[in-house]
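This report concerns only the one structure given below.
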Amino acid sequence: MSDFFQKTIKEINQGLKKRSFSALDIAESFIKEIEKNNDFIFSLLSFNREEVISQAKEIDKEIARKKDIPILSGIPSAIKDNILMKGGKTTAGSKMLENYIAPYDATVIKKIKKAGSIIIGKANMDEFAMGSSTEHSAYGVTRNPLNTDLVPGGSSGGSAAAVAANFSCFALGSDTGGSIRQPASFCGLVGLKPTYGAVSRYGLIAMASSLDQIGPLTKNVEDAKIVFKAISGKDKMDSTSADYTFKDSDKDVKNFRIGIPEEYFKKGIDKNVEEKIEEAIVAAEKEGFKIKRISLPYTEYALPVYYIISPSEISANLARYDGLRYGLSKEGKDLSERYFNSRKDGLGVEVKRRISLGSYTLSAGYYDAYYKKAQQARSLIINDFKEAFQEVDLILAPTSPTLPFKIGEKAKDPLAMYLSDIFTAGVNIAGLPAISLPCGKVGNLSVGMQVIGSYFKESDIFKAAEYFEKIWKK
Ligand code: GLN
């Protein structure tokens, strides 16, 4: 029954309703792939066969009782391991939380469970979501299912690999500077970073709270829309969540004015990626889309701003991992030695680097020069986008400057790794929504294009992306 892997969520839902197949059939076909390949791909950190089977049987009973079933019924999902699921381990890819059991469900988990999804397991990730390759997980490296010598991207690399390897139909990831879009791009998938506030962050282990958003990774745009619809909306447990209900766009797709920011093509982009991006833009133009070259002049500051603001927030958020309140706890002769020993053994090198950077940028004497200046530059970047969205409705830009790289290639070079976020971080800084979808191929590897929209314009993004999906090579 391997054809489940090609089916959309809607098609599976209809098939279940017509009893063409059962939820158990679906579960078994995904389980087969997990059991065959997860040891090598290492996408899932946890997987409980019996639990999945028993949930599928429950769904089948429900189908037998009722005519209508919610849209995600029996749809297997994988969840990034920084999202809390009551009673289960939530490690955030860190030794620090090796034995941490979540005391409650994140809001997104409650929502997808209510919509019927079968959560197949927790997905590997860079420790505390810091990284672009999933090599910074304390539990091992995830491989890219398209070419297993390559990284799947990060930090939601386990989530992306789960979908690409047919371990789950969709996955949830989190995106602080690109961590949904970049792995989606590396694994040939669709990944949405929603508008800041569109999805509740309650139950997401915080990395940088003013940038973090949860979103879906899927095989097609329609599935991303369905999952986004299921998880978005106001939540009283997250005061930054917005009162917003998703509605499909009824605009004529060809009326969208599309902007191409020149700064995204200036430097740092690989030739073969640029070529595919340009081809995709030409294809859109040939279809009759109105394409306009625009400028986002402060683009070059997006990455430096991101690498000041995010570590600053990280250093504050991760102060709670003191070895007393959560997870790993080491002995010491006094309190400060206990802190020191727990952090020394519990946290990996990249996390320590970010905490050090952030403590520095927030420290007295340097705060004005770094943190405050970065916040001022953040306003300029936001303003760039606001002005651009006066002229255009959507912006197209590459997701990643490179194709997926080799495992080990950048692991020891933090700066090279940070450069992976050059085209994605600006969107988080501005709090905007953006989707990444495949727009061309180099060999069997995929190139991802971002469709960036204005605040809460996910509906426009989906509308255009559904069209582009048909004209661009997967
Ligand atoms: N790669 C970026 C970083 O390491 C983005 C991480 C993310 O979006 N969670 O910070």
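By order of appearance in the structure tokens: chains A, B, ..., then residues from 1 within every chain, and ligands from 1 in the order shown.
Those protein and nucleic acid residues that have any atom within 6 Å of ligand 1 are, using only C-alpha atoms and all ligand atoms, Ala129, Met130, Gly131, Ser132, Ser155, Asp175, Thr176, Gly177, Gly178, Ser179 and Asp421 of chain A.
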Save the residues we just selected, N, CA, C and O atoms, as a compact mmCIF listing (two decimals), in the first residue's frame?
# COMPACT_ATOMS: atom_id res chain seq x y z
N ALA A 129 17.31 23.68 19.08
CA ALA A 129 16.97 24.29 17.78
C ALA A 129 18.06 25.22 17.24
O ALA A 129 17.79 26.08 16.41
N MET A 130 19.29 25.02 17.72
CA MET A 130 20.39 25.88 17.26
C MET A 130 21.24 25.12 16.25
O MET A 130 22.02 24.24 16.62
N GLY A 131 21.07 25.48 14.97
CA GLY A 131 21.86 24.82 13.94
C GLY A 131 21.11 24.74 12.63
O GLY A 131 19.92 25.07 12.57
N SER A 132 21.81 24.31 11.60
CA SER A 132 21.21 24.24 10.27
C SER A 132 21.46 22.90 9.61
O SER A 132 21.37 22.77 8.39
N SER A 155 17.11 23.53 11.98
CA SER A 155 17.25 22.56 13.04
C SER A 155 16.17 21.49 13.03
O SER A 155 16.30 20.48 13.72
N ASP A 175 10.60 27.29 13.71
CA ASP A 175 11.42 28.13 12.84
C ASP A 175 11.72 29.44 13.56
O ASP A 175 10.81 30.22 13.84
N THR A 176 12.99 29.64 13.88
CA THR A 176 13.43 30.84 14.60
C THR A 176 14.24 31.72 13.67
O THR A 176 14.23 32.95 13.78
N GLY A 177 14.96 31.05 12.73
CA GLY A 177 15.75 31.80 11.75
C GLY A 177 15.75 31.11 10.40
O GLY A 177 16.50 31.49 9.51
N GLY A 178 14.94 30.05 10.30
CA GLY A 178 14.89 29.31 9.03
C GLY A 178 14.69 27.82 9.20
O GLY A 178 14.67 27.06 8.24
N SER A 179 14.53 27.39 10.45
CA SER A 179 14.59 25.96 10.77
C SER A 179 13.46 25.09 10.27
O SER A 179 13.52 23.87 10.43
N ASP A 421 21.57 30.66 6.97
CA ASP A 421 20.33 31.37 7.31
C ASP A 421 20.21 32.73 6.63
O ASP A 421 19.30 33.50 6.93
Compile a residue-level contact table for region 134-252 of chain A against region 17-32 of chain A at a cut-off of 9 Å, reporting for every qualifying residue the shortest atom pair and its distance in Å to one decimal, with only C-alpha atoms counted, rows ordered by chain and ascending number, as a Markdown table.
| residue | atom | partner | partner_atom | distance |
| --- | --- | --- | --- | --- |
| A:Asn166 | CA | A:Phe30 | CA | 6.2 |
| A:Phe167 | CA | A:Phe30 | CA | 5.2 |
| A:Ser168 | CA | A:Phe30 | CA | 6.3 |
| A:Cys169 | CA | A:Phe30 | CA | 8.3 |
Expected file contents, prior selection, N, CA and C atoms, as a JSON list (two decimals), in the first residue's frame:
[["chain", "number", "residue", "atom", "x", "y", "z"],
["A", 166, "ASN", "N", 9.09, 8.96, 4.33],
["A", 166, "ASN", "CA", 7.80, 8.28, 4.50],
["A", 166, "ASN", "C", 7.64, 7.61, 5.86],
["A", 167, "PHE", "N", 8.18, 8.25, 6.89],
["A", 167, "PHE", "CA", 7.92, 7.78, 8.26],
["A", 167, "PHE", "C", 6.65, 8.44, 8.79],
["A", 168, "SER", "N", 6.30, 9.59, 8.23],
["A", 168, "SER", "CA", 5.06, 10.27, 8.62],
["A", 168, "SER", "C", 4.56, 11.05, 7.43],
["A", 169, "CYS", "N", 3.28, 11.39, 7.48],
["A", 169, "CYS", "CA", 2.68, 12.11, 6.35],
["A", 169, "CYS", "C", 3.00, 13.59, 6.43]]
Which of region 110-265 of chain A DSSP labels strand (DSSP E), written as a PyMOL selection string: chain A and resi 118-123+170-175+190-193+213-218+257-261
Ile422 (chain A) environment, 12 Å, only C-alpha atoms, sequence neighbours closer than 4 positions dropped, as a PyMOL selection string: chain A and resi 132+177-178+182+263-269+299-307+397-402+415-418+426-429
What does the file look like for those residues with N, CA and C atoms, as an mmCIF file, in the first residue's frame?
data_model
loop_
_atom_site.group_PDB
_atom_site.id
_atom_site.type_symbol
_atom_site.label_atom_id
_atom_site.label_comp_id
_atom_site.auth_asym_id
_atom_site.auth_seq_id
_atom_site.Cartn_x
_atom_site.Cartn_y
_atom_site.Cartn_z
ATOM 1 N N SER A 132 21.807 24.310 11.600
ATOM 2 C CA SER A 132 21.208 24.244 10.270
ATOM 3 C C SER A 132 21.457 22.899 9.608
ATOM 4 N N GLY A 177 14.958 31.050 12.734
ATOM 5 C CA GLY A 177 15.755 31.801 11.754
ATOM 6 C C GLY A 177 15.747 31.108 10.403
ATOM 7 N N GLY A 178 14.939 30.049 10.300
ATOM 8 C CA GLY A 178 14.890 29.314 9.032
ATOM 9 C C GLY A 178 14.689 27.819 9.201
ATOM 10 N N GLN A 182 14.462 25.850 5.683
ATOM 11 C CA GLN A 182 15.730 25.328 5.132
ATOM 12 C C GLN A 182 15.731 23.798 5.063
ATOM 13 N N GLU A 263 18.691 42.262 -3.541
ATOM 14 C CA GLU A 263 19.747 41.962 -2.553
ATOM 15 C C GLU A 263 19.907 40.459 -2.315
ATOM 16 N N TYR A 264 18.880 39.674 -2.624
ATOM 17 C CA TYR A 264 18.955 38.234 -2.389
ATOM 18 C C TYR A 264 19.731 37.511 -3.490
ATOM 19 N N PHE A 265 20.218 38.266 -4.462
ATOM 20 C CA PHE A 265 20.948 37.627 -5.558
ATOM 21 C C PHE A 265 22.368 38.165 -5.664
ATOM 22 N N LYS A 266 22.749 38.972 -4.688
ATOM 23 C CA LYS A 266 24.034 39.665 -4.817
ATOM 24 C C LYS A 266 25.232 38.792 -4.505
ATOM 25 N N LYS A 267 25.269 38.280 -3.270
ATOM 26 C CA LYS A 267 26.428 37.445 -2.949
ATOM 27 C C LYS A 267 26.028 36.278 -2.050
ATOM 28 N N GLY A 268 26.899 35.320 -2.037
ATOM 29 C CA GLY A 268 26.690 34.190 -1.135
ATOM 30 C C GLY A 268 25.849 33.077 -1.715
ATOM 31 N N ILE A 269 25.255 33.302 -2.872
ATOM 32 C CA ILE A 269 24.388 32.260 -3.434
ATOM 33 C C ILE A 269 25.160 31.417 -4.451
ATOM 34 N N THR A 299 18.782 44.340 3.880
ATOM 35 C CA THR A 299 18.934 42.881 3.882
ATOM 36 C C THR A 299 20.271 42.412 4.456
ATOM 37 N N GLU A 300 21.358 43.114 4.135
ATOM 38 C CA GLU A 300 22.672 42.619 4.572
ATOM 39 C C GLU A 300 22.825 42.624 6.098
ATOM 40 N N TYR A 301 21.933 43.345 6.787
ATOM 41 C CA TYR A 301 22.024 43.359 8.256
ATOM 42 C C TYR A 301 21.181 42.263 8.913
ATOM 43 N N ALA A 302 20.360 41.575 8.108
ATOM 44 C CA ALA A 302 19.446 40.587 8.709
ATOM 45 C C ALA A 302 20.209 39.507 9.488
ATOM 46 N N LEU A 303 21.257 38.972 8.869
ATOM 47 C CA LEU A 303 21.986 37.892 9.531
ATOM 48 C C LEU A 303 22.721 38.380 10.794
ATOM 49 N N PRO A 304 23.493 39.477 10.710
ATOM 50 C CA PRO A 304 24.121 39.980 11.944
ATOM 51 C C PRO A 304 23.104 40.327 13.037
ATOM 52 N N VAL A 305 21.985 40.905 12.647
ATOM 53 C CA VAL A 305 20.957 41.234 13.653
ATOM 54 C C VAL A 305 20.430 39.947 14.294
ATOM 55 N N TYR A 306 20.174 38.961 13.434
ATOM 56 C CA TYR A 306 19.680 37.678 13.950
ATOM 57 C C TYR A 306 20.678 37.065 14.930
ATOM 58 N N TYR A 307 21.973 37.135 14.578
ATOM 59 C CA TYR A 307 22.980 36.501 15.444
ATOM 60 C C TYR A 307 23.397 37.383 16.631
ATOM 61 N N ALA A 397 12.022 34.610 -3.105
ATOM 62 C CA ALA A 397 13.457 34.647 -2.787
ATOM 63 C C ALA A 397 13.950 33.228 -2.558
ATOM 64 N N PRO A 398 15.236 32.989 -2.799
ATOM 65 C CA PRO A 398 15.748 31.640 -2.505
ATOM 66 C C PRO A 398 15.617 31.330 -1.011
ATOM 67 N N THR A 399 15.479 30.039 -0.685
ATOM 68 C CA THR A 399 15.411 29.652 0.726
ATOM 69 C C THR A 399 16.813 29.508 1.294
ATOM 70 N N SER A 400 17.631 28.730 0.598
ATOM 71 C CA SER A 400 18.987 28.472 1.085
ATOM 72 C C SER A 400 19.982 28.884 0.004
ATOM 73 N N PRO A 401 21.121 29.428 0.395
ATOM 74 C CA PRO A 401 22.102 29.815 -0.616
ATOM 75 C C PRO A 401 22.805 28.621 -1.267
ATOM 76 N N THR A 402 22.690 27.444 -0.649
ATOM 77 C CA THR A 402 23.396 26.258 -1.173
ATOM 78 C C THR A 402 22.452 25.067 -1.258
ATOM 79 N N LEU A 415 30.659 29.793 11.516
ATOM 80 C CA LEU A 415 30.308 30.902 10.630
ATOM 81 C C LEU A 415 29.701 30.389 9.316
ATOM 82 N N ALA A 416 30.322 29.356 8.757
ATOM 83 C CA ALA A 416 29.781 28.767 7.519
ATOM 84 C C ALA A 416 28.367 28.256 7.779
ATOM 85 N N MET A 417 28.162 27.668 8.945
ATOM 86 C CA MET A 417 26.826 27.152 9.289
ATOM 87 C C MET A 417 25.833 28.308 9.407
ATOM 88 N N TYR A 418 26.257 29.397 10.058
ATOM 89 C CA TYR A 418 25.356 30.546 10.255
ATOM 90 C C TYR A 418 24.929 31.153 8.917
ATOM 91 N N GLY A 426 15.734 37.075 7.897
ATOM 92 C CA GLY A 426 15.048 38.366 7.800
ATOM 93 C C GLY A 426 13.552 38.241 8.052
ATOM 94 N N VAL A 427 12.976 37.161 7.565
ATOM 95 C CA VAL A 427 11.537 36.918 7.727
ATOM 96 C C VAL A 427 11.179 36.782 9.218
ATOM 97 N N ASN A 428 12.028 36.100 9.977
ATOM 98 C CA ASN A 428 11.771 35.963 11.422
ATOM 99 C C ASN A 428 11.945 37.298 12.131
ATOM 100 N N ILE A 429 12.964 38.034 11.725
ATOM 101 C CA ILE A 429 13.216 39.335 12.347
ATOM 102 C C ILE A 429 12.011 40.238 12.180
#
So that I can check the secondary structure, give me every residue of region 270-410 of chain A assigned alpha helix (DSSP H) by backbone DSSP, as a short mmCIF file (atom, residue, chain, number, x, y, z; two decimals) with N, CA, C and O atoms, in the first residue's frame.
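Output file part.cif is given in full below:
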data_model
loop_
_atom_site.label_atom_id
_atom_site.label_comp_id
_atom_site.auth_asym_id
_atom_site.auth_seq_id
_atom_site.Cartn_x
_atom_site.Cartn_y
_atom_site.Cartn_z
N LYS A 271 25.96 29.19 -7.65
CA LYS A 271 25.55 29.36 -9.05
C LYS A 271 24.38 28.44 -9.42
O LYS A 271 23.40 28.89 -10.02
N ASN A 272 24.51 27.16 -9.05
CA ASN A 272 23.45 26.22 -9.48
C ASN A 272 22.11 26.49 -8.79
O ASN A 272 21.05 26.24 -9.36
N VAL A 273 22.16 27.03 -7.58
CA VAL A 273 20.91 27.39 -6.90
C VAL A 273 20.31 28.61 -7.60
O VAL A 273 19.12 28.64 -7.94
N GLU A 274 21.16 29.60 -7.84
CA GLU A 274 20.70 30.84 -8.47
C GLU A 274 20.04 30.56 -9.84
O GLU A 274 18.99 31.12 -10.16
N GLU A 275 20.67 29.65 -10.59
CA GLU A 275 20.14 29.31 -11.90
C GLU A 275 18.70 28.78 -11.82
O GLU A 275 17.83 29.19 -12.57
N LYS A 276 18.49 27.87 -10.88
CA LYS A 276 17.15 27.27 -10.74
C LYS A 276 16.13 28.30 -10.27
O LYS A 276 14.98 28.30 -10.68
N ILE A 277 16.59 29.18 -9.38
CA ILE A 277 15.70 30.23 -8.86
C ILE A 277 15.29 31.15 -10.02
O ILE A 277 14.11 31.45 -10.20
N GLU A 278 16.28 31.54 -10.83
CA GLU A 278 15.99 32.42 -11.97
C GLU A 278 15.04 31.72 -12.95
O GLU A 278 14.09 32.33 -13.45
N GLU A 279 15.28 30.44 -13.21
CA GLU A 279 14.40 29.70 -14.13
C GLU A 279 12.97 29.68 -13.63
O GLU A 279 12.03 29.84 -14.41
N ALA A 280 12.83 29.50 -12.32
CA ALA A 280 11.48 29.44 -11.73
C ALA A 280 10.78 30.80 -11.86
O ALA A 280 9.57 30.87 -12.13
N ILE A 281 11.55 31.87 -11.69
CA ILE A 281 10.96 33.21 -11.81
C ILE A 281 10.51 33.46 -13.26
O ILE A 281 9.41 33.95 -13.51
N VAL A 282 11.36 33.04 -14.20
CA VAL A 282 11.00 33.17 -15.62
C VAL A 282 9.72 32.37 -15.91
O VAL A 282 8.82 32.84 -16.61
N ALA A 283 9.65 31.17 -15.36
CA ALA A 283 8.46 30.34 -15.58
C ALA A 283 7.20 31.05 -15.07
O ALA A 283 6.15 31.02 -15.72
N ALA A 284 7.32 31.70 -13.90
CA ALA A 284 6.17 32.43 -13.34
C ALA A 284 5.79 33.60 -14.25
O ALA A 284 4.61 33.86 -14.49
N GLU A 285 6.81 34.25 -14.75
CA GLU A 285 6.58 35.40 -15.65
C GLU A 285 5.85 34.94 -16.92
O GLU A 285 4.91 35.58 -17.37
N LYS A 286 6.29 33.81 -17.45
CA LYS A 286 5.67 33.26 -18.67
C LYS A 286 4.20 32.92 -18.44
O LYS A 286 3.40 32.95 -19.36
N ALA A 302 20.36 41.57 8.11
CA ALA A 302 19.45 40.59 8.71
C ALA A 302 20.21 39.51 9.49
O ALA A 302 19.86 39.20 10.63
N LEU A 303 21.26 38.97 8.87
CA LEU A 303 21.99 37.89 9.53
C LEU A 303 22.72 38.38 10.79
O LEU A 303 22.57 37.78 11.87
N PRO A 304 23.49 39.48 10.71
CA PRO A 304 24.12 39.98 11.94
C PRO A 304 23.10 40.33 13.04
O PRO A 304 23.34 40.04 14.22
N VAL A 305 21.99 40.90 12.65
CA VAL A 305 20.96 41.23 13.65
C VAL A 305 20.43 39.95 14.29
O VAL A 305 20.30 39.84 15.51
N TYR A 306 20.17 38.96 13.43
CA TYR A 306 19.68 37.68 13.95
C TYR A 306 20.68 37.07 14.93
O TYR A 306 20.29 36.55 15.98
N TYR A 307 21.97 37.13 14.58
CA TYR A 307 22.98 36.50 15.44
C TYR A 307 23.40 37.38 16.63
O TYR A 307 24.36 37.07 17.32
N ILE A 308 22.66 38.47 16.86
CA ILE A 308 22.79 39.19 18.13
C ILE A 308 21.49 39.01 18.94
O ILE A 308 21.52 38.63 20.10
N ILE A 309 20.36 39.24 18.27
CA ILE A 309 19.09 39.13 19.00
C ILE A 309 18.82 37.70 19.46
O ILE A 309 18.46 37.47 20.62
N SER A 310 19.04 36.72 18.56
CA SER A 310 18.71 35.36 18.99
C SER A 310 19.61 34.87 20.14
O SER A 310 19.08 34.40 21.15
N PRO A 311 20.92 35.03 20.08
CA PRO A 311 21.71 34.59 21.25
C PRO A 311 21.34 35.36 22.53
O PRO A 311 21.36 34.78 23.62
N SER A 312 20.99 36.64 22.41
CA SER A 312 20.60 37.39 23.60
C SER A 312 19.39 36.73 24.26
O SER A 312 19.37 36.48 25.47
N GLU A 313 18.40 36.43 23.43
CA GLU A 313 17.18 35.80 23.98
C GLU A 313 17.48 34.37 24.46
O GLU A 313 16.92 33.90 25.45
N ILE A 314 18.36 33.69 23.72
CA ILE A 314 18.75 32.33 24.12
C ILE A 314 19.38 32.35 25.52
O ILE A 314 19.05 31.55 26.38
N SER A 315 20.27 33.32 25.74
CA SER A 315 20.98 33.33 27.03
C SER A 315 19.99 33.55 28.17
O SER A 315 20.16 33.01 29.26
N ALA A 316 18.94 34.32 27.92
CA ALA A 316 17.92 34.52 28.95
C ALA A 316 17.05 33.27 29.09
O ALA A 316 16.81 32.78 30.20
N ASN A 317 16.60 32.72 27.96
CA ASN A 317 15.70 31.56 28.02
C ASN A 317 16.35 30.31 28.59
O ASN A 317 15.71 29.50 29.25
N LEU A 335 26.22 25.46 45.45
CA LEU A 335 25.23 25.68 44.40
C LEU A 335 25.89 26.02 43.07
O LEU A 335 25.54 25.46 42.02
N SER A 336 26.88 26.90 43.12
CA SER A 336 27.44 27.33 41.83
C SER A 336 28.22 26.19 41.16
O SER A 336 28.24 26.08 39.94
N GLU A 337 28.81 25.33 41.95
CA GLU A 337 29.49 24.19 41.34
C GLU A 337 28.47 23.22 40.72
O GLU A 337 28.72 22.59 39.70
N ARG A 338 27.31 23.11 41.36
CA ARG A 338 26.26 22.25 40.78
C ARG A 338 25.78 22.81 39.45
O ARG A 338 25.59 22.08 38.48
N TYR A 339 25.56 24.13 39.42
CA TYR A 339 25.19 24.77 38.14
C TYR A 339 26.25 24.45 37.09
O TYR A 339 25.96 24.02 35.98
N PHE A 340 27.49 24.72 37.48
CA PHE A 340 28.60 24.59 36.55
C PHE A 340 28.70 23.16 36.00
O PHE A 340 28.76 22.94 34.78
N ASN A 341 28.66 22.19 36.90
CA ASN A 341 28.81 20.79 36.47
C ASN A 341 27.63 20.33 35.60
O ASN A 341 27.82 19.61 34.64
N SER A 342 26.43 20.77 35.98
CA SER A 342 25.26 20.34 35.20
C SER A 342 25.31 20.92 33.80
O SER A 342 25.05 20.23 32.81
N ARG A 343 25.68 22.19 33.70
CA ARG A 343 25.72 22.83 32.37
C ARG A 343 26.88 22.30 31.54
O ARG A 343 26.75 22.12 30.33
N LYS A 344 27.98 22.06 32.21
CA LYS A 344 29.16 21.55 31.50
C LYS A 344 28.83 20.22 30.80
O LYS A 344 29.11 20.04 29.63
N ASP A 345 28.16 19.33 31.55
CA ASP A 345 27.87 18.01 30.98
C ASP A 345 26.58 18.00 30.17
O ASP A 345 26.40 17.17 29.29
N GLY A 346 25.67 18.90 30.50
CA GLY A 346 24.32 18.83 29.89
C GLY A 346 24.20 19.54 28.56
O GLY A 346 23.34 19.20 27.75
N VAL A 349 28.38 22.12 22.59
CA VAL A 349 29.27 23.23 22.31
C VAL A 349 28.57 24.41 21.62
O VAL A 349 28.82 25.58 21.95
N GLU A 350 27.63 24.11 20.71
CA GLU A 350 26.95 25.22 20.00
C GLU A 350 26.04 25.99 20.97
O GLU A 350 25.98 27.22 20.92
N VAL A 351 25.39 25.27 21.85
CA VAL A 351 24.51 25.93 22.83
C VAL A 351 25.34 26.80 23.77
O VAL A 351 24.97 27.95 24.06
N LYS A 352 26.47 26.28 24.18
CA LYS A 352 27.35 27.08 25.06
C LYS A 352 27.83 28.33 24.32
O LYS A 352 27.93 29.41 24.91
N ARG A 353 28.14 28.17 23.04
CA ARG A 353 28.60 29.31 22.26
C ARG A 353 27.53 30.40 22.21
O ARG A 353 27.80 31.58 22.42
N ARG A 354 26.28 29.99 21.98
CA ARG A 354 25.20 30.98 21.89
C ARG A 354 24.96 31.66 23.24
O ARG A 354 24.72 32.86 23.30
N ILE A 355 24.99 30.88 24.32
CA ILE A 355 24.77 31.47 25.65
C ILE A 355 25.89 32.48 25.94
O ILE A 355 25.62 33.58 26.45
N SER A 356 27.10 32.12 25.57
CA SER A 356 28.23 33.04 25.81
C SER A 356 28.05 34.31 24.99
O SER A 356 28.20 35.43 25.51
N LEU A 357 27.72 34.13 23.71
CA LEU A 357 27.52 35.29 22.83
C LEU A 357 26.43 36.20 23.38
O LEU A 357 26.58 37.42 23.45
N GLY A 358 25.32 35.58 23.76
CA GLY A 358 24.16 36.35 24.24
C GLY A 358 24.42 37.04 25.56
O GLY A 358 23.96 38.17 25.80
N SER A 359 25.17 36.38 26.44
CA SER A 359 25.48 37.01 27.73
C SER A 359 26.36 38.23 27.48
O SER A 359 26.22 39.26 28.15
N TYR A 360 27.22 38.11 26.49
CA TYR A 360 28.12 39.22 26.14
C TYR A 360 27.33 40.39 25.54
O TYR A 360 27.47 41.54 25.97
N THR A 361 26.44 40.09 24.57
CA THR A 361 25.71 41.19 23.90
C THR A 361 24.72 41.88 24.84
O THR A 361 24.29 42.99 24.57
N LYS A 373 21.65 48.27 19.41
CA LYS A 373 21.86 48.58 17.99
C LYS A 373 21.15 47.56 17.10
O LYS A 373 20.54 47.92 16.09
N ALA A 374 21.21 46.31 17.50
CA ALA A 374 20.54 45.26 16.70
C ALA A 374 19.03 45.50 16.69
O ALA A 374 18.37 45.30 15.65
N GLN A 375 18.48 45.93 17.82
CA GLN A 375 17.04 46.21 17.85
C GLN A 375 16.69 47.38 16.94
O GLN A 375 15.63 47.38 16.29
N GLN A 376 17.58 48.37 16.88
CA GLN A 376 17.34 49.51 15.98
C GLN A 376 17.38 49.04 14.53
O GLN A 376 16.53 49.39 13.71
N ALA A 377 18.37 48.21 14.23
CA ALA A 377 18.48 47.69 12.86
C ALA A 377 17.27 46.80 12.54
O ALA A 377 16.79 46.77 11.40
N ARG A 378 16.76 46.12 13.57
CA ARG A 378 15.56 45.28 13.35
C ARG A 378 14.41 46.14 12.83
O ARG A 378 13.70 45.75 11.92
N SER A 379 14.25 47.33 13.42
CA SER A 379 13.19 48.23 12.96
C SER A 379 13.37 48.61 11.50
O SER A 379 12.39 48.71 10.75
N LEU A 380 14.61 48.81 11.11
CA LEU A 380 14.87 49.18 9.71
C LEU A 380 14.51 48.03 8.75
O LEU A 380 13.96 48.25 7.68
N ILE A 381 14.82 46.82 9.19
CA ILE A 381 14.51 45.65 8.36
C ILE A 381 12.99 45.48 8.24
O ILE A 381 12.45 45.23 7.16
N ILE A 382 12.30 45.68 9.36
CA ILE A 382 10.83 45.59 9.34
C ILE A 382 10.27 46.63 8.38
O ILE A 382 9.37 46.36 7.57
N ASN A 383 10.84 47.80 8.46
CA ASN A 383 10.38 48.90 7.61
C ASN A 383 10.60 48.62 6.12
O ASN A 383 9.75 48.93 5.29
N ASP A 384 11.75 48.01 5.81
CA ASP A 384 12.02 47.59 4.43
C ASP A 384 10.87 46.76 3.88
O ASP A 384 10.36 47.00 2.79
N PHE A 385 10.49 45.74 4.66
CA PHE A 385 9.42 44.84 4.21
C PHE A 385 8.09 45.59 4.11
O PHE A 385 7.33 45.40 3.16
N LYS A 386 7.83 46.45 5.11
CA LYS A 386 6.55 47.18 5.09
C LYS A 386 6.45 48.02 3.83
O LYS A 386 5.40 48.05 3.18
N GLU A 387 7.54 48.67 3.48
CA GLU A 387 7.52 49.49 2.26
C GLU A 387 7.36 48.62 1.02
O GLU A 387 6.61 48.96 0.11
N ALA A 388 8.06 47.50 1.01
CA ALA A 388 7.96 46.59 -0.15
C ALA A 388 6.51 46.13 -0.33
O ALA A 388 6.02 46.04 -1.46
N PHE A 389 5.85 45.85 0.78
CA PHE A 389 4.47 45.34 0.66
C PHE A 389 3.45 46.44 0.31
O PHE A 389 2.26 46.16 0.20
N GLN A 390 3.92 47.66 0.15
CA GLN A 390 3.06 48.69 -0.45
C GLN A 390 3.00 48.49 -1.97
O GLN A 390 2.00 48.78 -2.61
N GLU A 391 4.13 48.01 -2.49
CA GLU A 391 4.27 47.88 -3.95
C GLU A 391 3.89 46.51 -4.47
O GLU A 391 3.51 46.38 -5.63
#
Within 12 Å of region 194-197 of chain A, counting only C-alpha atoms, which residues qualify if same-chain residues fewer than 5 places away don't, as a PyMOL selection string? chain A and resi 172-176+178+180-181+202+209-217+224-225+227-229+231-236+238-246+427-436+451-459+461-462
Any idea what's packed within 9 Å of Phe289 (chain A), counting only C-alpha atoms, ignoring anything in its chain fewer than 4 positions away? Could you give it as a VMD selection string? chain A and resid 253 to 258 284 to 285
Ranking A:Lys67, A:His136, A:Lys219, A:Lys193 by minimum distance to Lys7 (chain A) and counting only C-alpha atoms, which one comes first? A:Lys219
When distances are computed from only C-alpha atoms, which of A:Lys10, A:Ala161, A:Pro103, A:Glu51 shows the smallest separation from Lys80 (chain A)? A:Ala161
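Going from CA of Leu150 (chain A) over to CA of Ile120 (chain A), you cover 24.3 Å.
You can rank A:Met449, A:Asp460, A:Ser420, A:Thr218 by their closest distance to Trp472 (chain A) using only C-alpha atoms, and at the top of that list sits A:Met449.
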Residues within 9 Å of Asp60 (chain A), please, as number ranges by chain. Count only C-alpha atoms; anything in the same chain fewer than 3 positions from it doesn't count. A: 16, 22-24, 55-57, 63-65, 74
Take the residues from that selection and put them in a file with N, CA and C atoms, as a short mmCIF file (atom, residue, chain, number, x, y, z; two decimals), in the first residue's frame.
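What landed in selection17.cif:
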data_model
loop_
_atom_site.label_atom_id
_atom_site.label_comp_id
_atom_site.auth_asym_id
_atom_site.auth_seq_id
_atom_site.Cartn_x
_atom_site.Cartn_y
_atom_site.Cartn_z
N LEU A 16 -10.56 7.13 3.59
CA LEU A 16 -10.98 6.57 4.87
C LEU A 16 -12.50 6.61 4.99
N SER A 22 -8.16 1.37 5.63
CA SER A 22 -8.38 1.70 7.03
C SER A 22 -7.21 2.52 7.58
N ALA A 23 -7.44 3.11 8.74
CA ALA A 23 -6.36 3.84 9.42
C ALA A 23 -5.23 2.88 9.76
N LEU A 24 -5.59 1.63 10.04
CA LEU A 24 -4.57 0.63 10.35
C LEU A 24 -3.69 0.35 9.13
N GLN A 55 -3.80 3.43 18.41
CA GLN A 55 -4.47 4.67 18.00
C GLN A 55 -5.17 4.51 16.65
N ALA A 56 -4.52 3.81 15.73
CA ALA A 56 -5.12 3.60 14.41
C ALA A 56 -6.41 2.78 14.54
N LYS A 57 -6.39 1.78 15.42
CA LYS A 57 -7.60 0.96 15.61
C LYS A 57 -8.74 1.81 16.19
N ILE A 63 -14.50 5.70 12.70
CA ILE A 63 -15.00 5.75 11.31
C ILE A 63 -16.22 4.82 11.17
N ALA A 64 -16.16 3.69 11.85
CA ALA A 64 -17.28 2.74 11.77
C ALA A 64 -18.55 3.33 12.40
N ARG A 65 -18.34 4.19 13.41
CA ARG A 65 -19.48 4.78 14.13
C ARG A 65 -20.08 5.98 13.41
N GLY A 74 -6.30 9.70 11.44
CA GLY A 74 -5.46 8.61 10.95
C GLY A 74 -4.24 9.07 10.19
#
